[in-house]
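To start, the structure itself, in structure tokens.
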2 protein chains.
Amino acid sequence: MSDTLPREFALIAKYFRPLAGPGSLNLSDDAALLTPPPGRDLVLTADAMVAGVHFLPDDPPDLIGRKLLRVNLSDLAAKGATPLGYLLTISTPRATPEAWFEAFTAGLAQDQAEFEVMLLGGDTTSTPGPISLSLTIVGHVAPGMAVHRSGASDGDGIWVTGTIGDGALGLAVATGRLADPTGFLLGRYRLPQPRLGLPIGAIAAAGMDISDGLVQDLGHICRASSVGATIDAANVPLSAQARAAGEAWLETCLTGGDDYELLLAVPPAREPALHDAMTARGVAATRIGAFHSGPPHVMVRAENGEPLALTKAGWSHF
Amino acid sequence: MSDTLPREFALIAKYFRPLAGPGSLNLSDDAALLTPPPGRDLVLTADAMVAGVHFLPDDPPDLIGRKLLRVNLSDLAAKGATPLGYLLTISTPRATPEAWFEAFTAGLAQDQAEFEVMLLGGDTTSTPGPISLSLTIVGHVAPGMAVHRSGASDGDGIWVTGTIGDGALGLAVATGRLADPTGFLLGRYRLPQPRLGLPIGAIAAAGMDISDGLVQDLGHICRASSVGATIDAANVPLSAQARAAGEAWLETCLTGGDDYELLLAVPPAREPALHDAMTARGVAATRIGAFHSGPPHVMVRAENGEPLALTKAGWSHF
């Protein structure tokens, strides 16, 4: 038999093996080995991204790779966890040029260095359809310190990191519905910033990252915690670029998704600790409302005190 | 805001939540929590399956779910690992009927019970393309006892479990190229049997599961172990149904893939332990050749002692 390997193995060797960390067995085995950090709990999460749904087919491949990694890192951040490694499955049309793999893996390499995480394993396959990616990430957290969606109580403040809505507006830019002279909004859509490294396990009573829209995701915390929530639209932090888009885009900001900011329930007594932690990391945090006893409704209040009418809460795939 | 959840969440609640084990946080959180078994190494592996590539679009959805789980369980089996749990990402066209999800998850439930493994988390998305599935599985193994592809030495026997080629012939049946009066071959293609529970860590010097074809996968062991291999085609165990297909299908059996049997390098001194372990589990194991010093070639010998000419070693996606 010839020693010549098919293209699948050549691509793995050339582009994916350099990403592989200890325990990956050099991506030349059936599975990865990982010795878990002693005395820590593991945090595991998986997200899929499909061309035409989660990214545009002609998006730069390096940014696709980085976003795929970052949306999963954001889920770890929402639990207060530290990343360890990830597994990647990637289904591509046979005609996908080698340059696509080169750029995609270059993006992964860049973010692996930035976020100190390693490729552990995965699978490459062909598909007759659009590029389909799936990434499973493993992190670790001190036992009992993971932040859950449940745990919010009457009187806890509702806090968000960063600014809300830039990602959804960036999608509008990418699809030609909005102007973006500085490129800021498109950048926020393409390259979210996972809020890792914040000691939220000691601060937040509940939390999650905002991926499907602030209002819908806040509803998840309400249902998991059996509380209601009221937020003031005027307090939701918007970037200068989002403000410049105008009032007509406010609902998009509140419901559009792709923020990857943290949404936290913070008891008033822990607000000083929150301020200290956010200041130490240079991350802005804003109180946008409060949880209260009652059914798990989310009320968005306009400046006149009346409920804001929203046509939809957030993103659903079906 | 309404409490009515979009279809995505309703599907998760109805069909996936019943599959979720401890640590999944009821699939209503950003990530799963797992306390690793103390003093054990973790084994992680991921496989993707795409409609039209790995299964046929009209295959029974319960069998698709079970095969997806089983091909990953087979990777754990190849390391001598015990399953813990899995994460699943599933991208489906919007028009996918609810009955598909019902049957798909029923298949997963059946195999979760059979193999004692739990759903930990994942993601559901839409796709404009074919159904795309990705499963990451986590198992555990005693430190240092995982079987690797590297480790085979001159003189080790080459052993396989079960029979070889049924899966590849089953694909030929599914695509109308071969008759299968008993349905045995189709069954072997659709529902592989992961060889879990064998103490191969104490027996095999190297090993893997055969997914891309016996000859190609044996080549992987040769390269990882820096040895050559010679197998006798006449010694490769074929089922009665594969023998009935005739000599014209021999190459398909040797190179076709989808076997999910174990391919092991066993030093002669450990053959008694191999026999005992296989007998205890009721699994057949057959010696088909031996590794030898030299370049990492695989030679398949015909009954006349001459090398068998094969047109390809196995399956590649590109």
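Chains: A, B, ... in order of the structure tokens. Residues: from 1 per chain. Ligands: from 1, in order shown.
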
Cut-off 7 Å: closest chain A/chain B atom pairs per residue, using only C-alpha atoms, as a tab-separated table:
```
residue	atom	partner	partner_atom	distance
A:Met1	CA	B:Val298	CA	5.9
A:Asp3	CA	B:His297	CA	6.8
A:Pro6	CA	B:Ser316	CA	6.0
A:Arg7	CA	B:Phe318	CA	5.5
A:Glu8	CA	B:Phe318	CA	5.5
A:Asp29	CA	B:Arg149	CA	6.0
A:Asp30	CA	B:Asp75	CA	5.6
A:Ala31	CA	B:Thr45	CA	4.6
A:Ala32	CA	B:Leu44	CA	5.1
A:Leu33	CA	B:Val43	CA	4.7
A:Leu34	CA	B:Leu42	CA	5.0
A:Thr35	CA	B:Asp41	CA	4.8
A:Pro36	CA	B:Asp41	CA	6.9
A:Asp41	CA	B:Thr35	CA	4.8
A:Leu42	CA	B:Leu34	CA	5.0
A:Val43	CA	B:Leu33	CA	4.7
A:Leu44	CA	B:Ala32	CA	5.1
A:Thr45	CA	B:Ala31	CA	4.6
A:Ala46	CA	B:Gly122	CA	4.9
A:Asp47	CA	B:Asp123	CA	5.4
A:Ala48	CA	B:Thr89	CA	6.0
A:Val50	CA	B:Thr127	CA	6.4
A:Val53	CA	B:Thr127	CA	6.6
A:Asp75	CA	B:Asp30	CA	5.6
A:Leu87	CA	B:Ala46	CA	6.6
A:Thr89	CA	B:Ala48	CA	6.1
A:Arg94	CA	B:Phe318	CA	5.8
A:Gly121	CA	B:Thr45	CA	6.4
A:Gly122	CA	B:Ala46	CA	4.9
A:Asp123	CA	B:Asp47	CA	5.4
A:Thr125	CA	B:His317	CA	5.5
A:Ser126	CA	B:His317	CA	5.3
A:Thr127	CA	B:Val50	CA	6.4
A:Gly129	CA	B:Gly129	CA	4.6
A:Pro130	CA	B:Gly129	CA	6.0
A:Ser134	CA	B:Ser134	CA	6.6
A:Thr136	CA	B:Thr136	CA	6.9
A:His148	CA	B:Asp29	CA	6.7
A:Arg149	CA	B:Asp29	CA	6.0
A:Met208	CA	B:Asp30	CA	6.6
A:His297	CA	B:Met1	CA	6.2
A:Val298	CA	B:Met1	CA	5.8
A:Met299	CA	B:Met1	CA	6.4
A:Ser316	CA	B:Pro6	CA	6.0
A:His317	CA	B:Ser126	CA	5.3
A:Phe318	CA	B:Glu8	CA	5.5
```

Would you write out those residues with N, CA and C atoms, as a tab-separated table (two decimals), in the first residue's frame?
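Saved the output as selection18.tsv:
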```
chain	number	residue	atom	x	y	z
A	1	MET	N	0.84	-1.20	0.00
A	1	MET	CA	0.00	0.00	0.00
A	1	MET	C	0.87	1.24	0.00
A	3	ASP	N	2.03	4.98	1.09
A	3	ASP	CA	1.99	5.75	2.34
A	3	ASP	C	1.28	7.09	2.16
A	6	PRO	N	-4.74	10.47	2.28
A	6	PRO	CA	-5.75	11.29	1.61
A	6	PRO	C	-5.73	12.73	2.14
A	7	ARG	N	-6.43	13.59	1.40
A	7	ARG	CA	-6.40	15.03	1.70
A	7	ARG	C	-6.89	15.32	3.12
A	8	GLU	N	-7.86	14.54	3.60
A	8	GLU	CA	-8.38	14.77	4.95
A	8	GLU	C	-7.26	14.76	5.99
A	29	ASP	N	-4.92	10.07	17.16
A	29	ASP	CA	-5.47	8.94	17.88
A	29	ASP	C	-7.00	9.03	17.84
A	30	ASP	N	-7.69	8.07	18.46
A	30	ASP	CA	-9.14	8.08	18.43
A	30	ASP	C	-9.74	9.10	19.39
A	31	ALA	N	-8.98	9.51	20.40
A	31	ALA	CA	-9.55	10.34	21.45
A	31	ALA	C	-8.43	11.09	22.15
A	32	ALA	N	-8.81	12.10	22.92
A	32	ALA	CA	-7.86	12.87	23.69
A	32	ALA	C	-7.87	12.39	25.13
A	33	LEU	N	-6.76	12.61	25.82
A	33	LEU	CA	-6.66	12.28	27.24
A	33	LEU	C	-6.47	13.57	28.02
A	34	LEU	N	-7.17	13.67	29.13
A	34	LEU	CA	-7.12	14.89	29.93
A	34	LEU	C	-7.10	14.48	31.40
A	35	THR	N	-6.07	14.90	32.12
A	35	THR	CA	-6.06	14.69	33.56
A	35	THR	C	-6.71	15.91	34.19
A	36	PRO	N	-7.91	15.76	34.76
A	36	PRO	CA	-8.61	16.94	35.26
A	36	PRO	C	-7.87	17.56	36.43
A	41	ASP	N	-14.36	21.15	39.66
A	41	ASP	CA	-15.43	20.64	38.81
A	41	ASP	C	-15.16	21.03	37.36
A	42	LEU	N	-15.62	20.18	36.44
A	42	LEU	CA	-15.50	20.51	35.02
A	42	LEU	C	-16.77	21.20	34.54
A	43	VAL	N	-16.60	22.11	33.61
A	43	VAL	CA	-17.71	22.79	32.96
A	43	VAL	C	-17.61	22.46	31.47
A	44	LEU	N	-18.69	21.95	30.89
A	44	LEU	CA	-18.68	21.54	29.48
A	44	LEU	C	-19.83	22.21	28.76
A	45	THR	N	-19.55	22.71	27.55
A	45	THR	CA	-20.60	23.31	26.75
A	45	THR	C	-20.27	23.14	25.27
A	46	ALA	N	-21.29	23.15	24.44
A	46	ALA	CA	-21.09	22.96	23.00
A	46	ALA	C	-21.98	23.93	22.24
A	47	ASP	N	-21.45	24.48	21.16
A	47	ASP	CA	-22.23	25.33	20.27
A	47	ASP	C	-21.92	24.97	18.83
A	48	ALA	N	-22.96	25.04	18.01
A	48	ALA	CA	-22.80	24.81	16.58
A	48	ALA	C	-22.90	26.14	15.84
A	50	VAL	N	-23.44	27.42	11.67
A	50	VAL	CA	-23.71	26.97	10.31
A	50	VAL	C	-23.64	28.18	9.38
A	53	VAL	N	-26.48	30.83	8.64
A	53	VAL	CA	-27.31	30.99	9.84
A	53	VAL	C	-26.55	31.81	10.89
A	75	ASP	N	-19.67	31.07	27.13
A	75	ASP	CA	-20.46	30.19	28.01
A	75	ASP	C	-19.66	29.80	29.26
A	87	LEU	N	-12.83	20.54	21.66
A	87	LEU	CA	-12.92	19.61	20.54
A	87	LEU	C	-13.73	20.29	19.45
A	89	THR	N	-15.61	19.78	15.57
A	89	THR	CA	-15.98	19.03	14.36
A	89	THR	C	-16.31	20.04	13.28
A	94	ARG	N	-16.63	19.69	-0.39
A	94	ARG	CA	-15.35	19.20	-0.95
A	94	ARG	C	-14.59	20.29	-1.68
A	121	GLY	N	-9.11	17.65	20.19
A	121	GLY	CA	-9.48	16.61	19.24
A	121	GLY	C	-10.66	17.05	18.41
A	122	GLY	N	-11.22	16.11	17.63
A	122	GLY	CA	-12.37	16.45	16.81
A	122	GLY	C	-12.49	15.56	15.60
A	123	ASP	N	-13.11	16.11	14.57
A	123	ASP	CA	-13.43	15.32	13.39
A	123	ASP	C	-13.58	16.27	12.21
A	125	THR	N	-15.16	16.28	8.28
A	125	THR	CA	-15.95	15.51	7.31
A	125	THR	C	-16.32	16.42	6.15
A	126	SER	N	-16.79	15.80	5.09
A	126	SER	CA	-17.35	16.57	3.98
A	126	SER	C	-18.84	16.74	4.21
A	127	THR	N	-19.42	17.69	3.48
A	127	THR	CA	-20.88	17.88	3.52
A	127	THR	C	-21.35	18.35	2.14
A	129	GLY	N	-23.77	20.28	1.98
A	129	GLY	CA	-24.44	21.53	2.33
A	129	GLY	C	-23.46	22.61	2.74
A	130	PRO	N	-23.94	23.58	3.51
A	130	PRO	CA	-23.07	24.68	3.95
A	130	PRO	C	-22.07	24.20	5.00
A	134	SER	N	-18.97	22.66	14.84
A	134	SER	CA	-19.44	22.42	16.20
A	134	SER	C	-18.22	22.38	17.11
A	136	THR	N	-17.00	21.92	21.20
A	136	THR	CA	-17.27	21.58	22.59
A	136	THR	C	-16.07	22.03	23.42
A	148	HIS	N	-25.20	29.76	38.08
A	148	HIS	CA	-26.31	29.13	37.38
A	148	HIS	C	-27.31	30.18	36.93
A	149	ARG	N	-28.23	29.76	36.06
A	149	ARG	CA	-29.34	30.66	35.70
A	149	ARG	C	-30.32	30.78	36.86
A	208	MET	N	-25.84	34.45	33.18
A	208	MET	CA	-25.67	33.76	31.90
A	208	MET	C	-25.02	34.76	30.94
A	297	HIS	N	-42.12	36.96	34.28
A	297	HIS	CA	-42.24	37.89	33.15
A	297	HIS	C	-41.05	38.84	33.13
A	298	VAL	N	-40.73	39.29	31.93
A	298	VAL	CA	-39.75	40.37	31.77
A	298	VAL	C	-40.50	41.61	31.31
A	299	MET	N	-40.41	42.68	32.07
A	299	MET	CA	-41.03	43.93	31.66
A	299	MET	C	-39.94	44.93	31.31
A	316	SER	N	-34.87	32.67	17.77
A	316	SER	CA	-35.12	31.24	17.85
A	316	SER	C	-34.76	30.62	16.51
A	317	HIS	N	-34.27	29.38	16.53
A	317	HIS	CA	-33.85	28.76	15.28
A	317	HIS	C	-34.99	28.11	14.52
A	318	PHE	N	-36.17	28.02	15.15
A	318	PHE	CA	-37.25	27.26	14.50
A	318	PHE	C	-38.52	28.09	14.37
```

Query raised in the report: Using the chain letters and numbers from this document, which residues of segment 196-270 of chain B does DSSP assign to helix (DSSP H, G or I), as JSON, numbers by chain?
Result: {"B": [200, 201, 202, 214, 215, 216, 217, 218, 219, 220, 221, 222, 223, 224, 225, 233, 234, 235, 240, 241, 242, 243, 244, 245, 247, 248, 249, 250, 251, 252, 253, 254, 255, 268, 269, 270]}

Report task. Could you give me, as a ChimeraX atom specification, each residue of segment 146-282 of chain B that DSSP assigns to strand (DSSP E or B) when run on this structure's backbone? Result -> /B:157-161,206-209,228-232,262-266

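Going from atom CA of Gly162 of chain A to atom CA of Phe104 of chain A covers 27.0 Å.
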
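The closest residue to Leu119 of chain A, picked from A:Leu84, A:Ile288, A:Ala248, A:Ala13 and counting only C-alpha atoms, is A:Leu84.
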
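Note that the spacing between atom CA of Thr279 of chain A and atom CA of Leu171 of chain A amounts to 29.7 Å.
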